[in-house]
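Q: Sharing final-v2.cif, mmCIF, C-alpha atoms and all ligand atoms:
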data_query
#
loop_
_atom_site.label_atom_id
_atom_site.label_comp_id
_atom_site.auth_asym_id
_atom_site.auth_seq_id
_atom_site.Cartn_x
_atom_site.Cartn_y
_atom_site.Cartn_z
CA MET A 1 0.00 0.00 0.00
CA LEU A 2 1.28 3.47 -0.77
CA LEU A 3 1.30 5.73 2.25
CA GLN A 4 -0.35 8.91 1.10
CA ASN A 5 -3.07 11.20 2.42
CA LYS A 6 -5.22 12.01 -0.57
CA GLU A 7 -7.11 14.67 1.40
CA ILE A 8 -4.06 16.87 0.92
CA PRO A 9 -4.07 18.76 -2.39
CA ILE A 10 -0.89 18.68 -4.43
CA HIS A 11 0.32 22.19 -5.13
CA ILE A 12 1.93 23.13 -8.43
CA ASP A 13 4.44 25.73 -7.44
CA LEU A 14 4.95 28.30 -10.21
CA PRO A 15 6.13 31.92 -10.31
CA GLY A 16 3.72 34.86 -10.30
CA ASP A 17 0.08 33.93 -9.77
CA ARG A 18 0.36 30.78 -11.88
CA GLY A 19 0.54 28.28 -8.98
CA TYR A 20 -2.52 26.10 -8.34
CA ASP A 21 -3.79 22.99 -6.60
CA LEU A 22 -4.64 19.52 -7.78
CA VAL A 23 -7.59 18.66 -5.54
CA PHE A 24 -8.60 15.00 -5.13
CA SER A 25 -12.36 15.23 -4.47
CA SER A 26 -15.70 14.28 -5.87
CA ILE A 27 -17.45 16.66 -8.26
CA SER A 28 -19.84 17.64 -5.45
CA ALA A 29 -16.96 19.58 -3.84
CA LEU A 30 -16.30 21.62 -7.00
CA PRO A 31 -18.06 24.89 -5.99
CA ALA A 32 -16.19 25.04 -2.67
CA LYS A 33 -12.89 24.31 -4.38
CA MET A 34 -13.62 26.99 -7.02
CA ARG A 35 -14.20 29.51 -4.22
CA ASP A 36 -10.91 28.44 -2.62
CA ALA A 37 -9.27 29.16 -5.98
CA GLY A 38 -10.69 32.71 -5.92
CA LEU A 39 -13.58 32.15 -8.36
CA ARG A 40 -16.93 33.74 -7.45
CA PRO A 41 -20.32 32.44 -8.71
CA GLY A 42 -21.69 33.94 -11.92
CA LYS A 43 -21.78 32.70 -15.49
CA CYS A 44 -19.46 29.85 -16.46
CA LEU A 45 -18.85 27.93 -19.64
CA VAL A 46 -18.58 24.13 -19.47
CA ILE A 47 -16.91 22.40 -22.43
CA THR A 48 -17.40 18.64 -22.64
CA ASP A 49 -17.99 15.88 -25.18
CA THR A 50 -21.18 13.97 -25.84
CA ASN A 51 -19.87 10.72 -24.25
CA VAL A 52 -18.88 12.41 -21.00
CA ALA A 53 -22.01 14.58 -21.02
CA ALA A 54 -24.20 11.45 -21.01
CA HIS A 55 -22.76 10.53 -17.59
CA TYR A 56 -21.77 13.77 -15.90
CA ARG A 57 -23.50 16.81 -17.47
CA ASN A 58 -26.54 16.74 -15.16
CA PRO A 59 -24.63 16.12 -11.90
CA LEU A 60 -22.18 18.91 -12.75
CA VAL A 61 -24.89 21.42 -13.71
CA SER A 62 -26.84 20.68 -10.55
CA VAL A 63 -23.81 21.02 -8.28
CA LEU A 64 -22.80 24.32 -9.91
CA SER A 65 -26.35 25.72 -9.87
CA SER A 66 -26.77 24.87 -6.18
CA ASP A 67 -23.94 27.30 -5.39
CA GLY A 68 -25.27 30.15 -7.57
CA TRP A 69 -23.34 29.42 -10.78
CA ASP A 70 -25.11 29.89 -14.13
CA PRO A 71 -23.50 27.29 -16.44
CA PHE A 72 -23.75 27.09 -20.21
CA VAL A 73 -22.77 23.60 -21.42
CA LEU A 74 -21.31 22.99 -24.87
CA ALA A 75 -21.07 19.24 -25.64
CA LEU A 76 -18.83 18.62 -28.66
CA PRO A 77 -18.35 15.36 -30.58
CA ALA A 78 -16.00 12.91 -28.84
CA GLY A 79 -12.69 12.15 -30.58
CA GLU A 80 -9.37 13.60 -31.73
CA GLU A 81 -10.95 15.39 -34.73
CA THR A 82 -12.58 17.78 -32.26
CA LYS A 83 -9.17 19.39 -31.55
CA SER A 84 -9.67 21.59 -34.61
CA THR A 85 -10.12 25.21 -35.62
CA ALA A 86 -13.79 24.45 -36.41
CA HIS A 87 -14.55 23.39 -32.83
CA LEU A 88 -12.39 26.15 -31.38
CA THR A 89 -14.58 28.59 -33.33
CA ALA A 90 -17.70 26.83 -31.99
CA ILE A 91 -16.45 27.55 -28.45
CA TYR A 92 -15.70 31.20 -29.28
CA ASN A 93 -19.19 31.59 -30.77
CA ALA A 94 -20.91 30.01 -27.76
CA ALA A 95 -18.85 32.06 -25.29
CA LEU A 96 -19.50 35.37 -26.99
CA ALA A 97 -23.21 34.61 -27.43
CA TRP A 98 -23.34 33.80 -23.69
CA ASN A 99 -22.02 37.31 -22.96
CA ILE A 100 -18.97 36.25 -21.02
CA ASP A 101 -16.76 38.76 -19.25
CA ARG A 102 -13.13 38.51 -18.15
CA LYS A 103 -14.11 36.71 -14.94
CA THR A 104 -16.18 33.98 -16.59
CA PRO A 105 -14.42 30.65 -15.99
CA VAL A 106 -14.11 27.98 -18.68
CA LEU A 107 -14.49 24.47 -17.22
CA ALA A 108 -13.13 21.50 -19.18
CA LEU A 109 -15.07 18.32 -18.30
CA GLY A 110 -13.47 15.52 -20.31
CA GLY A 111 -10.28 13.81 -21.41
CA GLY A 112 -7.20 15.18 -23.11
CA VAL A 113 -8.95 16.42 -26.25
CA ILE A 114 -11.48 18.52 -24.35
CA GLY A 115 -8.89 19.76 -21.84
CA ASP A 116 -6.44 20.88 -24.55
CA LEU A 117 -9.14 22.51 -26.69
CA ALA A 118 -11.02 24.25 -23.87
CA GLY A 119 -7.74 25.43 -22.33
CA PHE A 120 -6.63 26.98 -25.61
CA ALA A 121 -10.03 28.68 -25.97
CA ALA A 122 -9.70 29.99 -22.39
CA SER A 123 -6.19 31.29 -23.08
CA THR A 124 -7.34 33.36 -26.05
CA LEU A 125 -10.91 34.51 -25.20
CA LEU A 126 -10.74 38.13 -24.01
CA ARG A 127 -6.95 37.55 -23.72
CA GLY A 128 -7.42 34.93 -21.01
CA LEU A 129 -10.31 33.61 -18.93
CA PRO A 130 -9.93 31.62 -15.68
CA PHE A 131 -9.68 27.94 -16.53
CA VAL A 132 -10.66 24.86 -14.49
CA GLN A 133 -9.82 21.28 -15.44
CA ILE A 134 -12.12 18.40 -14.42
CA PRO A 135 -10.37 15.46 -16.13
CA THR A 136 -12.44 12.34 -16.74
CA SER A 137 -9.90 9.96 -18.34
CA LEU A 138 -6.87 8.33 -16.73
CA ILE A 139 -4.46 10.03 -19.17
CA ALA A 140 -6.00 13.42 -18.35
CA GLN A 141 -6.02 12.84 -14.57
CA VAL A 142 -2.33 11.92 -14.40
CA ASP A 143 -0.90 13.86 -17.31
CA SER A 144 -2.65 16.12 -19.82
CA ALA A 145 -4.81 18.16 -17.41
CA ILE A 146 -1.74 19.01 -15.33
CA GLY A 147 0.83 21.55 -16.44
CA GLY A 148 -0.94 23.94 -18.77
CA LYS A 149 -0.25 22.51 -22.23
CA THR A 150 -3.21 23.55 -24.38
CA GLY A 151 -3.81 23.50 -28.11
CA ILE A 152 -5.33 22.04 -31.22
CA ASN A 153 -4.14 19.89 -34.12
CA HIS A 154 -3.27 21.04 -37.65
CA PRO A 155 -3.39 18.91 -40.81
CA GLU A 156 0.46 18.99 -40.65
CA GLY A 157 0.50 17.29 -37.23
CA LYS A 158 -0.87 16.98 -33.72
CA ASN A 159 -0.64 19.83 -31.16
CA LEU A 160 1.14 22.17 -33.55
CA ILE A 161 -0.94 25.20 -32.48
CA GLY A 162 -1.15 25.96 -28.79
CA ALA A 163 0.00 27.79 -25.70
CA PHE A 164 1.13 27.17 -22.14
CA TYR A 165 -1.83 28.34 -20.06
CA GLN A 166 -2.18 27.13 -16.50
CA PRO A 167 -5.58 26.36 -14.94
CA LYS A 168 -6.66 27.90 -11.63
CA LEU A 169 -7.69 24.48 -10.32
CA VAL A 170 -7.60 20.81 -11.33
CA LEU A 171 -10.29 18.71 -9.64
CA ILE A 172 -9.49 15.01 -9.88
CA ASP A 173 -12.29 12.58 -9.03
CA SER A 174 -10.91 9.08 -9.59
CA LYS A 175 -14.43 7.58 -9.26
CA LEU A 176 -15.15 9.01 -12.73
CA LEU A 177 -12.72 6.44 -14.13
CA TYR A 178 -15.08 3.51 -13.54
CA THR A 179 -17.21 4.51 -16.54
CA LEU A 180 -14.17 4.67 -18.82
CA PRO A 181 -14.08 2.08 -21.64
CA ARG A 182 -11.57 -0.67 -20.81
CA ARG A 183 -9.21 0.26 -23.67
CA GLU A 184 -9.03 3.86 -22.40
CA TRP A 185 -8.06 2.56 -18.96
CA THR A 186 -5.14 0.49 -20.29
CA SER A 187 -4.17 3.36 -22.57
CA GLY A 188 -3.88 5.65 -19.53
CA LEU A 189 -1.87 3.02 -17.65
CA ALA A 190 0.91 3.44 -20.21
CA GLU A 191 1.36 7.07 -19.06
CA VAL A 192 1.26 6.00 -15.39
CA VAL A 193 4.05 3.47 -15.97
CA LYS A 194 5.94 6.12 -17.96
CA HIS A 195 5.90 8.47 -14.94
CA ALA A 196 7.25 5.67 -12.72
CA LEU A 197 9.97 4.65 -15.19
CA ILE A 198 11.31 8.18 -15.66
CA ASP A 199 11.08 9.42 -12.08
CA ASP A 200 10.12 7.05 -9.29
CA GLU A 201 11.63 3.60 -8.78
CA ALA A 202 9.62 2.98 -5.58
CA PHE A 203 6.36 3.67 -7.43
CA PHE A 204 7.47 1.30 -10.18
CA ALA A 205 8.08 -1.41 -7.56
CA TRP A 206 4.56 -0.80 -6.17
CA ILE A 207 3.12 -1.12 -9.70
CA GLU A 208 4.95 -4.45 -10.10
CA ALA A 209 3.50 -5.72 -6.82
CA GLU A 210 -0.07 -4.62 -7.67
CA ILE A 211 -0.08 -5.13 -11.44
CA ARG A 212 -3.02 -7.55 -11.51
CA GLN A 213 -5.24 -5.25 -9.44
CA ILE A 214 -4.12 -2.27 -11.52
CA VAL A 215 -5.00 -3.88 -14.85
CA ALA A 216 -8.33 -5.03 -13.38
CA ARG A 217 -9.07 -1.44 -12.16
CA ASP A 218 -9.54 -2.73 -8.60
CA PRO A 219 -11.25 0.05 -6.57
CA ARG A 220 -8.77 -0.55 -3.72
CA ILE A 221 -5.86 0.79 -5.76
CA VAL A 222 -7.29 3.30 -8.28
CA SER A 223 -7.16 6.44 -6.13
CA ASP A 224 -3.64 5.63 -4.86
CA LEU A 225 -2.44 5.05 -8.42
CA VAL A 226 -3.89 8.35 -9.65
CA TYR A 227 -2.64 10.39 -6.68
CA ARG A 228 0.92 9.12 -6.96
CA ALA A 229 1.12 9.45 -10.77
CA ALA A 230 -0.42 12.95 -10.74
CA GLY A 231 2.08 13.91 -8.04
CA ILE A 232 5.01 12.98 -10.28
CA LYS A 233 3.63 15.14 -13.09
CA ALA A 234 3.06 18.02 -10.65
CA LYS A 235 6.64 17.80 -9.37
CA ILE A 236 8.10 17.84 -12.88
CA VAL A 237 5.95 20.78 -14.01
CA SER A 238 6.84 22.77 -10.86
CA GLU A 239 10.50 22.24 -11.72
CA ASP A 240 10.28 23.00 -15.44
CA GLU A 241 7.05 24.72 -16.52
CA PHE A 242 8.13 25.50 -20.10
CA GLU A 243 9.97 22.26 -20.96
CA HIS A 244 13.52 23.55 -21.02
CA GLY A 245 14.84 20.36 -19.39
CA LYS A 246 13.26 17.82 -17.03
CA ARG A 247 9.73 18.16 -18.47
CA ALA A 248 10.98 16.80 -21.80
CA THR A 249 11.53 13.42 -20.09
CA LEU A 250 7.72 13.09 -20.01
CA ASN A 251 8.10 12.35 -23.72
CA PHE A 252 9.63 8.95 -22.88
CA GLY A 253 8.46 6.52 -25.59
CA HIS A 254 6.80 9.34 -27.52
CA THR A 255 9.30 9.80 -30.39
CA PHE A 256 8.77 6.14 -31.30
CA GLY A 257 5.10 6.19 -30.22
CA HIS A 258 4.11 9.17 -32.38
CA ALA A 259 5.87 7.61 -35.38
CA ILE A 260 4.04 4.30 -34.83
CA GLU A 261 0.69 6.14 -34.54
CA LYS A 262 1.39 8.08 -37.72
CA ALA A 263 2.69 5.10 -39.76
CA LEU A 264 -0.34 2.99 -38.79
CA GLY A 265 -2.81 5.82 -39.45
CA TYR A 266 -4.30 7.78 -36.56
CA GLY A 267 -7.00 5.97 -34.65
CA VAL A 268 -5.79 2.38 -35.24
CA PHE A 269 -3.94 2.27 -31.91
CA THR A 270 -4.97 4.48 -29.01
CA HIS A 271 -2.33 7.05 -28.05
CA GLY A 272 -1.47 4.96 -24.96
CA GLU A 273 -1.06 1.76 -26.97
CA ALA A 274 1.34 3.54 -29.35
CA VAL A 275 3.25 5.05 -26.41
CA ASN A 276 3.40 1.64 -24.73
CA MET A 277 5.02 0.15 -27.85
CA GLY A 278 7.21 3.26 -28.14
CA MET A 279 8.39 2.73 -24.55
CA LYS A 280 9.36 -0.86 -25.37
CA ALA A 281 11.59 0.55 -28.13
CA ALA A 282 12.96 3.21 -25.77
CA VAL A 283 13.69 0.65 -23.02
CA PHE A 284 15.56 -1.50 -25.56
CA MET A 285 17.59 1.51 -26.71
CA SER A 286 18.24 2.57 -23.10
CA ARG A 287 19.67 -0.84 -22.26
CA ARG A 288 22.01 -0.62 -25.27
CA PHE A 289 23.60 2.48 -23.74
CA ASN A 290 23.13 1.88 -20.00
CA ARG A 291 23.75 -1.52 -18.44
CA LYS A 292 22.03 -0.47 -15.19
CA VAL A 293 18.63 -0.45 -16.90
CA GLU A 294 16.71 -3.51 -15.70
CA HIS A 295 14.98 -3.86 -19.05
CA GLU A 296 13.24 -7.14 -18.27
CA ARG A 297 11.36 -5.59 -15.33
CA ALA A 298 10.23 -2.64 -17.46
CA LEU A 299 9.27 -4.73 -20.49
CA SER A 300 7.32 -7.23 -18.45
CA ILE A 301 5.07 -4.54 -16.93
CA LEU A 302 4.55 -2.86 -20.31
CA SER A 303 3.52 -6.20 -21.86
CA LEU A 304 1.09 -6.96 -19.04
CA ILE A 305 -0.67 -3.64 -19.73
CA SER A 306 -1.10 -4.03 -23.47
CA SER A 307 0.51 -5.95 -26.31
CA PRO A 308 -1.12 -4.90 -29.56
CA THR A 309 0.54 -6.09 -32.76
CA ILE A 310 1.36 -4.14 -35.88
CA PRO A 311 0.22 -5.55 -39.25
CA SER A 312 3.10 -7.03 -41.28
CA SER A 313 2.35 -4.52 -44.07
CA ILE A 314 3.97 -1.82 -41.87
CA GLY A 315 7.76 -2.13 -41.96
CA ILE A 316 10.61 -0.56 -40.02
CA PRO A 317 11.29 1.98 -42.83
CA ASP A 318 7.64 3.18 -42.61
CA ILE A 319 8.10 3.98 -38.94
CA ARG A 320 11.51 5.61 -39.46
CA MET A 321 9.99 7.70 -42.29
CA ALA A 322 7.15 8.85 -39.98
CA MET A 323 9.82 9.80 -37.43
CA SER A 324 11.80 11.81 -39.96
CA THR A 325 8.76 13.97 -40.79
CA ASP A 326 8.08 14.68 -37.10
CA LYS A 327 7.42 18.43 -36.91
CA LYS A 328 8.80 18.53 -33.39
CA LYS A 329 12.36 17.69 -34.37
CA VAL A 330 14.94 20.15 -33.04
CA SER A 331 17.69 21.32 -35.43
CA ASP A 332 16.50 18.58 -37.77
CA ARG A 333 17.26 15.79 -35.28
CA ASN A 334 14.90 13.50 -33.40
CA HIS A 335 15.31 13.58 -29.66
CA PHE A 336 15.02 10.42 -27.58
CA VAL A 337 14.33 10.10 -23.89
CA LEU A 338 16.36 7.21 -22.47
CA LEU A 339 16.55 5.63 -19.03
CA ARG A 340 19.78 5.69 -17.04
CA ARG A 341 18.05 3.21 -14.73
CA ILE A 342 14.42 2.64 -13.67
CA GLY A 343 13.41 5.96 -12.07
CA GLU A 344 15.86 8.23 -13.90
CA ALA A 345 15.73 9.56 -17.48
CA TYR A 346 17.60 11.94 -19.78
CA VAL A 347 17.24 13.34 -23.29
CA THR A 348 19.68 12.73 -26.13
CA ASP A 349 19.96 13.04 -29.90
CA ASP A 350 23.21 11.07 -29.95
CA VAL A 351 21.91 7.87 -31.55
CA THR A 352 22.54 6.28 -34.93
CA VAL A 353 20.07 5.08 -37.55
CA SER A 354 21.04 1.52 -36.71
CA ASP A 355 20.23 2.13 -32.99
CA ILE A 356 16.82 3.43 -34.07
CA ASP A 357 16.13 0.54 -36.44
CA ALA A 358 17.14 -2.05 -33.86
CA ALA A 359 14.82 -0.49 -31.29
CA ILE A 360 11.88 -0.38 -33.72
CA ALA A 361 12.51 -3.98 -34.77
CA PHE A 362 12.51 -5.04 -31.13
CA ALA A 363 9.24 -3.25 -30.34
CA LEU A 364 7.58 -4.76 -33.41
CA GLY A 365 8.76 -8.22 -32.40
CA ARG A 366 10.80 -8.53 -35.60
CA PRO A 367 14.40 -8.94 -34.50
N1 LIG B 1 2.25 15.48 -21.58
C1 LIG B 1 3.58 15.95 -21.47
C2 LIG B 1 3.71 17.29 -20.83
O1 LIG B 1 2.74 17.82 -20.32
O2 LIG B 1 4.76 17.86 -20.80
#
Transcribe the structure of this file into structure tokens.
Ligand code: GLY
A:
Amino acid sequence: MLLQNKEIPIHIDLPGDRGYDLVFSSISALPAKMRDAGLRPGKCLVITDTNVAAHYRNPLVSVLSSDGWDPFVLALPAGEETKSTAHLTAIYNAALAWNIDRKTPVLALGGGVIGDLAGFAASTLLRGLPFVQIPTSLIAQVDSAIGGKTGINHPEGKNLIGAFYQPKLVLIDSKLLYTLPRREWTSGLAEVVKHALIDDEAFFAWIEAEIRQIVARDPRIVSDLVYRAAGIKAKIVSEDEFEHGKRATLNFGHTFGHAIEKALGYGVFTHGEAVNMGMKAAVFMSRRFNRKVEHERALSILSLISSPTIPSSIGIPDIRMAMSTDKKKVSDRNHFVLLRRIGEAYVTDDVTVSDIDAAIAFALGRP
């Protein structure tokens, strides 16, 4: 059992007035937590998707109304395509028709797509409205809702338009995760394991001990898992808000993962499945350079979470090609996050094409 008091919020410590709390509470506590964050009842804009709205729109509206809030709810289609200029414009139109002012908060009730889109809308409407994250997926609760990355996709690539814009509050209710489709749960687990591998060996050991309960979403471990993983993200963001150093290690498995997603065609794997496979490649590459990496421990946990296979029509050159057109390359080189050991990571571009090919071959199971 992890020893942690989940009544205690985790504070993200940032300069100026950008610091804020991650509060681990049920949605019914939202109005009180919004007051604690300095927000006073009035109009608010709730952005969600139709899947999440089916479960949580009515409870949220009733809890907000009972404290004097006047919410307008915009439920957008679920899915990655919603992170687009068209839906950003739909939010602007709804907000302006609702006669918002500079104190009107934007609340994101949803997973990563809704959080990123609503946050970007909040950052630009009237040059910045207060923003509240209420993440409903595992990936959002432990990663995307924390740290202020907001944005939309462009036909040239994912997340190419965006801004750092911190919320005033993140309310994390791990009970919301029980309505998540099973594949979304295992997809989120990839990011949880990523946090442990890059930063916290003791958490990784706990995951190993509890892996069956974790995969089965056992209610006895879910809130501990979320609290500990969200805490790692909070610590990293407090240290490096704008990704000049440590924060980049959160991209562990992502250089490979994004290329796999792109080569397969978006939507075939979930993001977490692609990152899981990408981490297998990154663990393999890490071990090539660092003998202290206990690769078998890492690979065994990743395989227990998900082991999708790639059709034989996709070859190693397809994945390397997708990597070479990655718009996020720096000075025309791909960057890789590698492990020095379980619990410690670093970023490098000092790898050869044959290192990359060997790692992809390993992850694809085609040595
Ligand atoms: N999801 C990675 C980051 O927030 O930096």
Q: May I ask you to write as a PyMOL selection string all residues lying at most 9 Å from ligand LIG 1 (chain B), with all atoms listed in the file counted?
A: chain A and resi 139+143-149+191+233+236-237+241-243+247-251
Q: Find the residues around Leu117 in chain A up to 9 Å (all atoms listed in the file counted), leave out those fewer than 3 positions away in its own chain, and share them as a list in words.
A: Ile47, Thr82, Lys83, Ser84, His87, Leu88, Ala108, Gly112, Val113, Ile114, Phe120, Ala121, Ala122, Thr150, Gly151, Ile152 and Gly162 of chain A
Q: Using only C-alpha atoms, can you tell me which of A:Thr352, A:Met321, A:Lys292, A:Val275 comes closest to Ser307 in chain A?
A: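 Looking at the shortest contact to Ser307 in chain A, the residue is A:Val275.
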Q: Tell me which of A:Ser66, A:Gln133, A:Asn153, A:Gln213 sits closest to Ala86 in chain A, counting all atoms listed in the file.
A: A:Asn153
Q: Extract, using all atoms listed in the file, all DNA, RNA and protein residues at most 12 Å from Arg35 in chain A, discarding same-chain residues fewer than 3 positions from it, and format them as a PyMOL selection string.
A: chain A and resi 29-32+38-42+64+67-69+105+132+168-169
Q: Mind writing the picked residues with C-alpha atoms as a short mmCIF file (atom, residue, chain, number, x, y, z; two decimals), in the coordinates of the input?
A:
data_model
loop_
_atom_site.label_atom_id
_atom_site.label_comp_id
_atom_site.auth_asym_id
_atom_site.auth_seq_id
_atom_site.Cartn_x
_atom_site.Cartn_y
_atom_site.Cartn_z
CA ALA A 29 -16.96 19.58 -3.84
CA LEU A 30 -16.30 21.62 -7.00
CA PRO A 31 -18.06 24.89 -5.99
CA ALA A 32 -16.19 25.04 -2.67
CA GLY A 38 -10.69 32.71 -5.92
CA LEU A 39 -13.58 32.15 -8.36
CA ARG A 40 -16.93 33.74 -7.45
CA PRO A 41 -20.32 32.44 -8.71
CA GLY A 42 -21.69 33.94 -11.92
CA LEU A 64 -22.80 24.32 -9.91
CA ASP A 67 -23.94 27.30 -5.39
CA GLY A 68 -25.27 30.15 -7.57
CA TRP A 69 -23.34 29.42 -10.78
CA PRO A 105 -14.42 30.65 -15.99
CA VAL A 132 -10.66 24.86 -14.49
CA LYS A 168 -6.66 27.90 -11.63
CA LEU A 169 -7.69 24.48 -10.32
#
Q: Pick out the residues sitting within 9 Å of Lys43 in chain A, and hand them over as number ranges by chain; count only C-alpha atoms, and ignore anything fewer than 6 positions along from it in its own chain.
A: A: 69-72, 98-101, 103-105
Q: With C-alpha atoms retained, export the selected residues as a short mmCIF file (atom, residue, chain, number, x, y, z; two decimals), in the coordinates of the input.
A:
data_model
loop_
_atom_site.label_atom_id
_atom_site.label_comp_id
_atom_site.auth_asym_id
_atom_site.auth_seq_id
_atom_site.Cartn_x
_atom_site.Cartn_y
_atom_site.Cartn_z
CA TRP A 69 -23.34 29.42 -10.78
CA ASP A 70 -25.11 29.89 -14.13
CA PRO A 71 -23.50 27.29 -16.44
CA PHE A 72 -23.75 27.09 -20.21
CA TRP A 98 -23.34 33.80 -23.69
CA ASN A 99 -22.02 37.31 -22.96
CA ILE A 100 -18.97 36.25 -21.02
CA ASP A 101 -16.76 38.76 -19.25
CA LYS A 103 -14.11 36.71 -14.94
CA THR A 104 -16.18 33.98 -16.59
CA PRO A 105 -14.42 30.65 -15.99
#
Q: List as CSV every residue of range 241-352 of chain A that is in contact with range 357-360 of chain A, defined as an atom at most 6 Å from one of its atoms (using only C-alpha atoms), together with the nearest atom pair and the distance in Å rounded to one decimal, sorted by chain and then rising number.
A:
residue,atom,partner,partner_atom,distance
A:Ala281,CA,A:Ala359,CA,4.6
A:Phe284,CA,A:Ala359,CA,5.9
A:Met285,CA,A:Ala359,CA,5.7
Q: Residues within 9 Å of Arg340 in chain A, please, as a ChimeraX atom specification. Count all atoms listed in the file; anything in the same chain fewer than 3 positions from it doesn't count.
A: /A:198,286-287,289-293,343-346
Q: Report, in Å with one decimal, the straight-line distance from CA of Ala234 in chain A to CA of Ala196 in chain A.
A: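 CA of Ala234 in chain A sits 13.2 Å away from CA of Ala196 in chain A.
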Q: Pick out the closest residue to Val106 in chain A from this set: A:Lys158, A:Val142, A:Thr48, A:Asp350. Count only C-alpha atoms.
A: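 Looking at the shortest contact to Val106 in chain A, the residue is A:Thr48.
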Q: Could you name the residues that touch range 254-263 of chain A at 8 Å or less, counting all atoms listed in the file, but leaving out those on the same chain fewer than 2 positions away, as JSON, numbers by chain?
A: {"A": [251, 252, 265, 266, 267, 268, 269, 271, 274, 275, 276, 277, 278, 279, 281, 282, 314, 318, 319, 320, 322, 323, 326, 334, 335, 336, 360]}
